[in-house]
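Text of structure12.cif, listed as mmCIF, C-alpha atoms:
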```cif
data_query
loop_
_atom_site.label_atom_id
_atom_site.label_comp_id
_atom_site.auth_asym_id
_atom_site.auth_seq_id
_atom_site.Cartn_x
_atom_site.Cartn_y
_atom_site.Cartn_z
CA MET A 1 -23.40 -22.09 11.68
CA HIS A 2 -21.17 -23.92 14.13
CA ASP A 3 -18.03 -22.18 12.95
CA VAL A 4 -19.65 -18.81 13.75
CA ILE A 5 -20.25 -19.95 17.33
CA ALA A 6 -16.76 -21.40 17.48
CA SER A 7 -15.00 -18.31 16.17
CA TYR A 8 -16.96 -15.96 18.40
CA PHE A 9 -16.90 -18.23 21.45
CA PRO A 10 -14.50 -15.95 23.44
CA VAL A 11 -16.83 -13.00 22.81
CA LEU A 12 -19.76 -15.08 24.03
CA VAL A 13 -17.82 -16.03 27.16
CA PHE A 14 -16.97 -12.37 27.76
CA GLY A 15 -20.62 -11.43 27.37
CA VAL A 16 -21.80 -14.11 29.78
CA ILE A 17 -19.16 -13.09 32.34
CA ALA A 18 -20.11 -9.41 31.97
CA VAL A 19 -23.79 -10.14 32.47
CA GLY A 20 -22.95 -12.38 35.43
CA ILE A 21 -20.77 -9.77 37.15
CA ALA A 22 -23.26 -6.96 36.54
CA GLY A 23 -26.14 -9.12 37.78
CA ALA A 24 -24.15 -10.21 40.84
CA MET A 25 -23.32 -6.62 41.78
CA LEU A 26 -26.85 -5.31 41.31
CA GLY A 27 -28.52 -8.37 42.83
CA GLY A 28 -26.06 -8.53 45.72
CA SER A 29 -26.66 -4.93 46.72
CA LEU A 30 -30.38 -5.48 46.30
CA LEU A 31 -30.38 -8.54 48.56
CA ALA A 32 -27.73 -7.68 51.14
CA GLY A 33 -28.27 -3.94 51.58
CA HIS A 34 -30.69 -2.42 54.06
CA GLN A 35 -33.27 -0.45 52.14
CA LYS A 36 -35.49 1.91 54.04
CA PRO A 37 -36.60 4.54 51.58
CA TYR A 38 -38.70 7.48 52.71
CA ALA A 39 -39.77 10.67 51.00
CA GLU A 40 -36.89 12.83 52.28
CA LYS A 41 -34.29 10.27 51.27
CA THR A 42 -35.55 9.63 47.78
CA SER A 43 -36.24 13.26 46.84
CA ALA A 44 -33.74 15.23 44.78
CA TYR A 45 -30.93 16.72 46.83
CA GLU A 46 -29.60 20.10 45.79
CA CYS A 47 -27.05 21.48 48.25
CA GLY A 48 -29.42 21.99 51.11
CA PHE A 49 -32.21 23.99 49.51
CA GLU A 50 -35.35 22.77 47.78
CA ALA A 51 -34.84 21.75 44.15
CA PHE A 52 -35.62 24.67 41.85
CA ASP A 53 -37.11 22.68 38.98
CA ASP A 54 -36.99 19.40 37.12
CA ALA A 55 -33.76 17.90 35.85
CA ARG A 56 -35.49 17.22 32.50
CA ARG A 57 -34.89 20.62 31.03
CA ARG A 58 -34.29 21.47 27.40
CA PHE A 59 -30.82 20.90 26.00
CA ASP A 60 -29.07 23.20 23.60
CA VAL A 61 -29.68 22.11 20.01
CA ARG A 62 -25.93 22.23 19.36
CA PHE A 63 -25.51 18.88 21.14
CA TYR A 64 -27.83 17.46 18.52
CA LEU A 65 -25.77 19.01 15.71
CA VAL A 66 -22.61 17.41 17.08
CA ALA A 67 -24.39 14.02 17.29
CA ILE A 68 -25.63 14.27 13.67
CA LEU A 69 -22.18 15.21 12.37
CA PHE A 70 -20.77 12.27 14.34
CA ILE A 71 -23.27 9.87 12.73
CA ILE A 72 -22.33 11.09 9.26
CA PHE A 73 -18.62 10.53 9.76
CA ASP A 74 -19.38 7.24 11.51
CA LEU A 75 -21.14 6.06 8.35
CA GLU A 76 -18.19 7.25 6.29
CA VAL A 77 -15.93 5.01 8.39
CA ALA A 78 -18.40 2.15 7.94
CA PHE A 79 -17.98 2.52 4.17
CA LEU A 80 -14.20 2.69 4.50
CA PHE A 81 -13.93 -0.65 6.26
CA PRO A 82 -15.04 -3.08 3.48
CA TRP A 83 -13.13 -0.91 1.01
CA ALA A 84 -9.96 -1.44 3.01
CA VAL A 85 -10.62 -5.19 3.25
CA SER A 86 -11.11 -5.69 -0.50
CA LEU A 87 -8.83 -2.97 -1.85
CA SER A 88 -6.67 -5.56 -3.60
CA HIS A 89 -9.68 -6.85 -5.58
CA VAL A 90 -11.45 -3.64 -6.60
CA GLY A 91 -8.47 -2.15 -8.41
CA LEU A 92 -7.93 1.43 -9.46
CA PHE A 93 -11.63 1.99 -10.21
CA GLY A 94 -12.69 1.08 -6.69
CA PHE A 95 -9.92 3.26 -5.30
CA LEU A 96 -11.05 6.24 -7.36
CA SER A 97 -14.73 5.73 -6.49
CA MET A 98 -13.82 5.87 -2.82
CA LEU A 99 -11.79 9.01 -3.49
CA GLY A 100 -14.87 10.58 -5.07
CA PHE A 101 -16.97 9.59 -2.05
CA LEU A 102 -14.41 11.03 0.35
CA GLY A 103 -14.13 14.16 -1.79
CA MET A 104 -17.87 14.76 -1.53
CA LEU A 105 -17.77 14.42 2.24
CA THR A 106 -14.71 16.65 2.38
CA VAL A 107 -16.75 19.36 0.65
CA GLY A 108 -19.27 19.04 3.48
CA PHE A 109 -16.49 19.04 6.04
CA ILE A 110 -14.99 22.25 4.64
CA TYR A 111 -18.47 23.77 4.63
CA GLU A 112 -19.08 22.97 8.28
CA TRP A 113 -15.59 24.10 9.23
CA CYS A 114 -16.05 27.45 7.52
CA LYS A 115 -19.58 27.91 8.93
CA GLY A 116 -18.16 27.41 12.41
CA ALA A 117 -20.38 24.42 13.20
CA LEU A 118 -17.47 22.76 14.99
CA ASP A 119 -16.79 25.77 17.22
CA TRP A 120 -18.21 25.87 20.69
CA ASP A 121 -18.32 29.29 22.20
CA MET B 1 -25.67 -24.77 21.07
CA THR B 2 -26.66 -22.51 18.18
CA ALA B 3 -30.34 -22.96 18.99
CA LEU B 4 -29.73 -22.15 22.65
CA VAL B 5 -27.82 -18.94 21.82
CA PHE B 6 -30.50 -17.99 19.30
CA TYR B 7 -33.30 -18.39 21.82
CA VAL B 8 -31.43 -16.42 24.48
CA PHE B 9 -30.81 -13.52 22.06
CA ALA B 10 -34.33 -13.63 20.64
CA THR B 11 -35.98 -13.72 24.09
CA ILE B 12 -33.95 -10.79 25.39
CA LEU B 13 -34.63 -8.91 22.14
CA VAL B 14 -38.41 -9.33 22.42
CA LEU B 15 -38.41 -8.50 26.14
CA SER B 16 -36.33 -5.36 25.72
CA ALA B 17 -38.47 -4.27 22.76
CA THR B 18 -41.52 -4.60 25.01
CA MET B 19 -39.76 -2.55 27.67
CA VAL B 20 -38.94 0.18 25.11
CA ILE B 21 -42.63 0.94 24.67
CA SER B 22 -43.73 0.29 28.24
CA ALA B 23 -40.97 1.85 30.35
CA ARG B 24 -42.15 4.87 32.32
CA ASN B 25 -38.95 6.84 31.90
CA PRO B 26 -38.05 7.70 28.26
CA VAL B 27 -34.34 7.48 29.06
CA HIS B 28 -34.88 3.90 30.25
CA SER B 29 -36.65 3.24 26.94
CA VAL B 30 -33.54 4.32 25.04
CA LEU B 31 -31.35 2.12 27.23
CA PHE B 32 -33.60 -0.87 26.53
CA LEU B 33 -33.40 0.03 22.84
CA ILE B 34 -29.61 -0.24 23.08
CA LEU B 35 -29.97 -3.66 24.71
CA GLY B 36 -32.25 -4.65 21.85
CA PHE B 37 -29.65 -3.45 19.30
CA PHE B 38 -26.99 -5.61 20.93
CA ASN B 39 -29.19 -8.70 20.84
CA ALA B 40 -30.18 -8.06 17.22
CA ALA B 41 -26.47 -7.83 16.43
CA GLY B 42 -26.06 -11.23 18.08
CA LEU B 43 -28.82 -12.63 15.87
CA PHE B 44 -27.13 -11.19 12.75
CA LEU B 45 -23.92 -12.83 13.86
CA LEU B 46 -25.67 -16.18 14.25
CA ALA B 47 -27.11 -15.82 10.75
CA GLY B 48 -23.58 -15.38 9.40
CA ALA B 49 -23.85 -11.67 8.61
CA GLU B 50 -20.78 -10.52 10.52
CA PHE B 51 -20.42 -7.15 8.82
CA LEU B 52 -24.06 -6.21 9.43
CA ALA B 53 -23.71 -7.18 13.10
CA MET B 54 -20.67 -4.96 13.58
CA LEU B 55 -22.33 -2.16 11.62
CA LEU B 56 -25.38 -2.40 13.87
CA ILE B 57 -23.18 -1.93 16.93
CA ILE B 58 -20.97 0.81 15.46
CA VAL B 59 -23.70 2.89 13.83
CA TYR B 60 -26.83 2.19 15.86
CA VAL B 61 -25.41 1.71 19.34
CA GLY B 62 -22.55 4.16 18.86
CA ALA B 63 -24.32 6.98 17.09
CA VAL B 64 -28.07 6.61 16.64
CA ALA B 65 -28.70 5.71 20.29
CA VAL B 66 -26.79 8.83 21.37
CA LEU B 67 -28.93 10.85 18.99
CA PHE B 68 -32.08 9.31 20.49
CA LEU B 69 -30.86 10.21 23.97
CA PHE B 70 -30.36 13.82 22.90
CA VAL B 71 -33.81 13.86 21.32
CA VAL B 72 -35.40 12.45 24.48
CA MET B 73 -33.59 15.03 26.60
CA MET B 74 -34.42 17.88 24.21
CA LEU B 75 -38.12 17.12 23.93
CA ASP B 76 -38.70 18.12 27.56
CA ILE B 77 -41.09 15.25 28.24
CA ARG B 78 -42.75 15.14 31.62
CA VAL B 79 -43.20 11.53 32.56
CA SER B 80 -46.65 12.01 34.05
CA GLU B 81 -47.91 13.96 31.02
CA ALA B 82 -46.60 11.33 28.64
CA ARG B 83 -48.66 8.65 30.39
CA GLU B 84 -51.91 10.60 30.30
CA GLY B 85 -53.02 9.80 26.77
CA LEU B 86 -52.29 6.09 27.00
CA GLN B 87 -55.90 4.97 27.49
CA ARG B 88 -57.17 7.32 24.82
CA TYR B 89 -54.59 6.46 22.15
CA ALA B 90 -54.40 2.71 22.82
CA PRO B 91 -57.11 1.76 20.24
CA PHE B 92 -55.43 3.82 17.50
CA GLY B 93 -52.04 2.34 18.31
CA ALA B 94 -53.48 -1.16 18.29
CA ALA B 95 -55.16 -0.51 14.93
CA VAL B 96 -51.93 0.77 13.34
CA GLY B 97 -50.03 -2.18 14.82
CA ALA B 98 -52.60 -4.64 13.48
CA VAL B 99 -52.39 -3.16 9.97
CA LEU B 100 -48.59 -3.35 10.02
CA PHE B 101 -48.69 -6.91 11.34
CA ALA B 102 -51.13 -7.98 8.60
CA GLU B 103 -48.88 -6.40 5.97
CA LEU B 104 -45.86 -8.20 7.36
CA ILE B 105 -47.72 -11.54 7.27
CA LEU B 106 -48.83 -10.90 3.68
CA ALA B 107 -45.31 -9.91 2.64
CA PHE B 108 -43.49 -12.80 4.27
CA GLY B 109 -46.14 -15.33 3.32
CA HIS B 110 -45.29 -14.75 -0.33
CA TRP B 111 -41.59 -14.00 0.11
CA ARG B 112 -39.51 -16.13 -2.16
CA ILE B 113 -35.80 -15.78 -2.91
CA ALA B 114 -35.36 -15.67 -6.69
CA PRO B 115 -34.57 -19.21 -7.85
CA ALA B 116 -31.89 -18.03 -10.27
CA ILE B 117 -30.06 -15.98 -7.65
CA ASP B 118 -27.00 -18.21 -7.81
CA ALA B 119 -26.75 -17.66 -11.56
CA VAL B 120 -26.29 -13.87 -11.20
CA PRO B 121 -22.60 -13.55 -12.02
CA HIS B 122 -21.48 -10.77 -9.68
CA LEU B 123 -23.30 -12.03 -6.56
CA GLY B 124 -21.20 -15.12 -5.99
CA GLN B 125 -19.30 -15.39 -2.75
CA ALA B 126 -16.08 -17.32 -3.06
CA ALA B 127 -15.48 -20.11 -0.58
CA GLY B 128 -13.69 -18.89 2.52
CA GLU B 129 -14.38 -15.24 1.71
CA THR B 130 -15.70 -13.14 4.59
CA ASN B 131 -18.88 -11.26 3.83
CA THR B 132 -17.12 -7.96 4.48
CA ALA B 133 -14.83 -8.73 1.55
CA ALA B 134 -17.79 -9.94 -0.55
CA LEU B 135 -19.58 -6.63 0.07
CA GLY B 136 -16.44 -4.64 -0.58
CA ASP B 137 -15.91 -6.34 -3.94
CA LEU B 138 -19.35 -5.17 -5.08
CA ILE B 139 -20.04 -1.78 -3.51
CA TYR B 140 -17.11 0.13 -5.00
CA THR B 141 -17.21 -1.32 -8.52
CA HIS B 142 -20.56 -2.78 -9.53
CA TYR B 143 -22.74 -0.47 -7.46
CA VAL B 144 -20.56 2.61 -7.79
CA LEU B 145 -23.44 4.93 -8.70
CA LEU B 146 -25.43 3.93 -5.63
CA PHE B 147 -22.28 4.35 -3.57
CA GLN B 148 -21.77 7.88 -4.85
CA ALA B 149 -25.46 8.58 -4.24
CA CYS B 150 -24.88 7.53 -0.62
CA GLY B 151 -22.12 10.11 -0.42
CA LEU B 152 -24.48 12.76 -1.80
CA VAL B 153 -27.17 11.82 0.73
CA LEU B 154 -24.64 12.15 3.55
CA LEU B 155 -23.52 15.52 2.17
CA VAL B 156 -27.12 16.75 2.03
CA ALA B 157 -27.70 15.50 5.59
CA MET B 158 -24.59 17.30 6.81
CA ILE B 159 -25.48 20.61 5.17
CA GLY B 160 -29.14 20.29 6.18
CA ALA B 161 -28.27 19.70 9.83
CA ILE B 162 -25.99 22.73 9.84
CA VAL B 163 -28.52 24.97 8.09
CA LEU B 164 -31.33 23.91 10.42
CA THR B 165 -29.56 24.11 13.76
CA LEU B 166 -26.68 26.55 13.49
CA ARG B 167 -27.46 30.07 14.57
CA GLU B 168 -25.09 32.99 14.93
CA ARG B 169 -24.59 33.84 18.56
CA PRO B 170 -22.65 37.09 18.83
CA THR B 171 -21.23 36.38 22.25
CA GLY B 172 -17.71 37.36 21.24
CA ARG B 173 -16.13 34.51 23.15
CA ARG B 174 -15.14 32.41 20.15
CA GLN B 175 -11.49 31.41 20.18
CA ASP B 176 -9.32 32.80 17.38
CA ILE B 177 -6.11 30.83 17.64
CA GLU B 178 -4.18 32.73 14.97
CA ARG B 179 -4.81 36.03 16.71
CA GLN B 180 -3.86 34.51 20.05
CA HIS B 181 -0.54 33.35 18.67
CA ALA B 182 0.17 36.67 16.98
CA ARG B 183 -0.43 38.60 20.19
CA THR B 184 2.54 40.34 21.75
CA VAL B 185 3.04 41.89 25.15
CA ALA B 186 2.79 45.40 23.69
CA ASP B 187 -0.73 44.68 22.43
CA THR B 188 -2.17 43.97 25.83
CA LEU B 189 0.04 45.41 28.51
CA GLU B 190 1.19 48.96 29.09
CA LEU B 191 3.82 49.67 31.71
CA ARG B 192 3.59 53.03 33.41
CA ARG B 193 6.03 54.74 35.68
CA LEU B 194 4.02 56.08 38.57
CA PRO B 195 5.11 58.50 41.27
CA LEU B 196 6.09 56.83 44.49
CA GLY B 197 3.22 56.35 46.91
CA ARG B 198 0.49 56.41 44.23
CA SER B 199 -1.10 53.36 42.82
CA VAL B 200 -3.20 52.83 39.75
CA ARG B 201 -6.30 52.96 41.88
CA GLU B 202 -7.76 55.92 40.04
CA LEU B 203 -7.20 54.06 36.79
CA GLY B 204 -9.35 51.20 38.06
CA GLY B 205 -6.48 49.04 39.20
CA PHE B 206 -5.17 48.34 35.72
CA ALA B 207 -4.75 50.04 32.38
CA ARG B 208 -5.38 48.58 28.96
CA PRO B 209 -3.63 50.03 25.92
CA THR B 210 -6.06 51.92 23.71
CA SER B 211 -5.60 49.43 20.88
CA TYR B 212 -7.24 46.71 22.97
CA SER B 213 -10.78 47.81 22.27
CA GLU B 214 -10.06 47.55 18.54
CA ALA B 215 -8.42 44.14 18.85
CA ALA B 216 -11.12 42.62 21.05
CA ALA B 217 -14.10 40.85 19.54
CA LYS B 218 -16.92 43.25 18.78
CA GLY B 219 -19.09 43.99 21.81
CA SER B 220 -17.03 42.05 24.32
CA TYR B 221 -14.97 44.94 25.76
CA ASP B 222 -16.14 48.44 26.46
CA PRO B 223 -13.30 50.83 27.40
CA HIS B 224 -15.79 53.33 28.84
CA ALA B 225 -17.56 50.80 31.03
CA PRO B 226 -17.77 51.85 34.69
CA VAL B 227 -14.91 50.42 36.67
CA LEU B 228 -15.66 48.42 39.78
CA SER B 229 -15.18 50.54 42.85
CA ASP B 230 -12.97 49.39 45.66
CA GLU B 231 -15.88 48.78 48.03
CA SER B 232 -17.62 46.37 45.69
CA ARG B 233 -14.37 44.49 45.19
CA GLY B 234 -14.26 43.91 48.89
CA GLU B 235 -11.01 45.64 49.76
#
```

Before we go any further, please render this structure as structure tokens.
Amino acid sequence: MHDVIASYFPVLVFGVIAVGIAGAMLGGSLLAGHQKPYAEKTSAYECGFEAFDDARRRFDVRFYLVAILFIIFDLEVAFLFPWAVSLSHVGLFGFLSMLGFLGMLTVGFIYEWCKGALDWD
Amino acid sequence: MTALVFYVFATILVLSATMVISARNPVHSVLFLILGFFNAAGLFLLAGAEFLAMLLIIVYVGAVAVLFLFVVMMLDIRVSEAREGLQRYAPFGAAVGAVLFAELILAFGHWRIAPAIDAVPHLGQAAGETNTAALGDLIYTHYVLLFQACGLVLLVAMIGAIVLTLRERPTGRRQDIERQHARTVADTLELRRLPLGRSVRELGGFARPTSYSEAAAKGSYDPHAPVLSDESRGE
């Protein structure tokens, strides 16, 4: 256990410093700033006229499609990483199995390319 | 030191998980969920599972949290409406939670790692080997069928997402790069020699070659459309 802490100690220090700086900035502005909120100040401001409607409106479903396609290729990369680390151990069979995996995803990639799922008009 | 780090991560994890279900704003809930993911990754790291910790950050924080944000924004939740049913649904939620908790206690009360686990030949981790390498040695050779099944699942997810969400929108504004590159001046521009003192005003200010309406995407250009008059253009 102790070698995990030791090898990731710089990351831990970075995390503590990041939390400290973020807390200092937020807490400092909270403590030092004058805060006099009233209804006009806290309401939504929209170029001088009354706000038309809520900011929580429906998004186009295409954003969701892009996010799903991103997750899929993210997972593909997650599979590539241990393969790259242990490529010298798994031999030709491991290499070919990864080629089959990539080939399957390439079929999907060609499909989405030809369907125009990556286009944004 | 290890115990201190563990308790810091575990406390923040439990607190942010509580905030996920009690925050008023659903976007804040997702942000607390991301904080919870980071702390769970820290716990994985403490337990020695480096690869799982990095995977949690790459996949869950990088991709799934973004997906959750899109879902929250797409669902069109009004904050006040979402709070209305809290009193009414609280008993049902508590009942479901109690059942799940009892199942977890039953499962972990009898959880036992198989005593002969060290004797399984392919599961051994060599001394000094990172667990990324230990996983990589197994996934691509011993568990190759499961690995290929993962690829199939991802393929099905990709095609399913496209089939469910992609609709044809005939707006005619899609970019066709090959056609753009093949375009020449003669396709789009027509030079005319006009008598001195007359402009192209009666032509609408400009003239397109007749081939343009054939080359343009269907429905995006109408050669017989009424031309803007000079008054409406503010001359």

Can you write out as JSON lines which residues of chain B fall within 8 Å of chain A, alongside each residue's closest atom pair and its distance in Å to one decimal, counting all atoms listed in the file and ordering rows by chain and ascending residue number?
```
{"residue": "B:Thr2", "atom": "CA", "partner": "A:Ile5", "partner_atom": "CA", "distance": 7.0}
{"residue": "B:Leu45", "atom": "CA", "partner": "A:Val4", "partner_atom": "CA", "distance": 7.3}
{"residue": "B:Leu46", "atom": "CA", "partner": "A:Val4", "partner_atom": "CA", "distance": 6.6}
{"residue": "B:Ala47", "atom": "CA", "partner": "A:Met1", "partner_atom": "CA", "distance": 7.3}
{"residue": "B:Gly48", "atom": "CA", "partner": "A:Val4", "partner_atom": "CA", "distance": 6.8}
{"residue": "B:Leu55", "atom": "CA", "partner": "A:Ala78", "partner_atom": "CA", "distance": 6.9}
{"residue": "B:Ile58", "atom": "CA", "partner": "A:Asp74", "partner_atom": "CA", "distance": 7.7}
{"residue": "B:Val59", "atom": "CA", "partner": "A:Asp74", "partner_atom": "CA", "distance": 6.6}
{"residue": "B:Ala63", "atom": "CA", "partner": "A:Ile71", "partner_atom": "CA", "distance": 5.3}
{"residue": "B:Val64", "atom": "CA", "partner": "A:Ile71", "partner_atom": "CA", "distance": 7.0}
{"residue": "B:Val66", "atom": "CA", "partner": "A:Ala67", "partner_atom": "CA", "distance": 7.0}
{"residue": "B:Leu67", "atom": "CA", "partner": "A:Ala67", "partner_atom": "CA", "distance": 5.8}
{"residue": "B:Phe70", "atom": "CA", "partner": "A:Tyr64", "partner_atom": "CA", "distance": 6.2}
{"residue": "B:Val71", "atom": "CA", "partner": "A:Tyr64", "partner_atom": "CA", "distance": 7.5}
{"residue": "B:Met73", "atom": "CA", "partner": "A:Phe59", "partner_atom": "CA", "distance": 6.5}
{"residue": "B:Met74", "atom": "CA", "partner": "A:Arg58", "partner_atom": "CA", "distance": 4.8}
{"residue": "B:Leu75", "atom": "CA", "partner": "A:Arg58", "partner_atom": "CA", "distance": 6.8}
{"residue": "B:Asp76", "atom": "CA", "partner": "A:Arg58", "partner_atom": "CA", "distance": 5.5}
{"residue": "B:Ile77", "atom": "CA", "partner": "A:Arg56", "partner_atom": "CA", "distance": 7.3}
{"residue": "B:Arg78", "atom": "CA", "partner": "A:Arg56", "partner_atom": "CA", "distance": 7.6}
{"residue": "B:Thr132", "atom": "CA", "partner": "A:Pro82", "partner_atom": "CA", "distance": 5.4}
{"residue": "B:Ala133", "atom": "CA", "partner": "A:Ser86", "partner_atom": "CA", "distance": 5.2}
{"residue": "B:Ala134", "atom": "CA", "partner": "A:Ser86", "partner_atom": "CA", "distance": 7.9}
{"residue": "B:Leu135", "atom": "CA", "partner": "A:Pro82", "partner_atom": "CA", "distance": 6.7}
{"residue": "B:Gly136", "atom": "CA", "partner": "A:Pro82", "partner_atom": "CA", "distance": 4.6}
{"residue": "B:Asp137", "atom": "CA", "partner": "A:Val90", "partner_atom": "CA", "distance": 5.9}
{"residue": "B:Tyr140", "atom": "CA", "partner": "A:Gly94", "partner_atom": "CA", "distance": 4.8}
{"residue": "B:Thr141", "atom": "CA", "partner": "A:Gly94", "partner_atom": "CA", "distance": 5.4}
{"residue": "B:Val144", "atom": "CA", "partner": "A:Ser97", "partner_atom": "CA", "distance": 6.7}
{"residue": "B:Phe147", "atom": "CA", "partner": "A:Phe101", "partner_atom": "CA", "distance": 7.6}
{"residue": "B:Gln148", "atom": "CA", "partner": "A:Phe101", "partner_atom": "CA", "distance": 5.8}
{"residue": "B:Gly151", "atom": "CA", "partner": "A:Phe101", "partner_atom": "CA", "distance": 5.4}
{"residue": "B:Leu152", "atom": "CA", "partner": "A:Met104", "partner_atom": "CA", "distance": 6.9}
{"residue": "B:Leu154", "atom": "CA", "partner": "A:Ile72", "partner_atom": "CA", "distance": 6.3}
{"residue": "B:Leu155", "atom": "CA", "partner": "A:Gly108", "partner_atom": "CA", "distance": 5.7}
{"residue": "B:Ala157", "atom": "CA", "partner": "A:Ile72", "partner_atom": "CA", "distance": 7.9}
{"residue": "B:Met158", "atom": "CA", "partner": "A:Leu69", "partner_atom": "CA", "distance": 6.4}
{"residue": "B:Ile159", "atom": "CA", "partner": "A:Gly108", "partner_atom": "CA", "distance": 6.6}
{"residue": "B:Ala161", "atom": "CA", "partner": "A:Leu65", "partner_atom": "CA", "distance": 6.4}
{"residue": "B:Ile162", "atom": "CA", "partner": "A:Ala117", "partner_atom": "CA", "distance": 6.8}
{"residue": "B:Thr165", "atom": "CA", "partner": "A:Val61", "partner_atom": "CA", "distance": 6.6}
{"residue": "B:Leu166", "atom": "CA", "partner": "A:Ala117", "partner_atom": "CA", "distance": 6.7}
{"residue": "B:Thr171", "atom": "CA", "partner": "A:Asp121", "partner_atom": "CA", "distance": 7.7}
{"residue": "B:Arg173", "atom": "CA", "partner": "A:Asp121", "partner_atom": "CA", "distance": 5.7}
{"residue": "B:Arg174", "atom": "CA", "partner": "A:Asp121", "partner_atom": "CA", "distance": 4.9}
{"residue": "B:Gln175", "atom": "CA", "partner": "A:Asp121", "partner_atom": "CA", "distance": 7.4}
```

- prompt: What gap, in Å, lies between atom CA of Val27 of chain B and atom CA of Gly62 of chain B?
  reply: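 Distance between the two atoms: 15.9 Å.
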
query: Suppose you want the space between atom CA of Ala23 of chain B and atom CA of Leu69 of chain B; what is it in Å?
result: 14.6 Å

Report as a short mmCIF file (atom, residue, chain, number, x, y, z; two decimals) with C-alpha atoms, in the frame of the given file all protein, DNA and RNA residues lying within 7 Å of Phe32 of chain B, evaluated on all atoms listed in the file, omitting residues in the same chain fewer than 3 positions from it.
```
data_model
loop_
_atom_site.label_atom_id
_atom_site.label_comp_id
_atom_site.auth_asym_id
_atom_site.auth_seq_id
_atom_site.Cartn_x
_atom_site.Cartn_y
_atom_site.Cartn_z
CA SER B 16 -36.33 -5.36 25.72
CA MET B 19 -39.76 -2.55 27.67
CA VAL B 20 -38.94 0.18 25.11
CA HIS B 28 -34.88 3.90 30.25
CA SER B 29 -36.65 3.24 26.94
CA LEU B 35 -29.97 -3.66 24.71
CA GLY B 36 -32.25 -4.65 21.85
#
```

- prompt: Expressed in Å to a single decimal, how great is the separation between atom CA of Leu15 of chain B and atom CA of Ala41 of chain B?
  reply: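 That distance, rounded to one decimal, is 15.4 Å.
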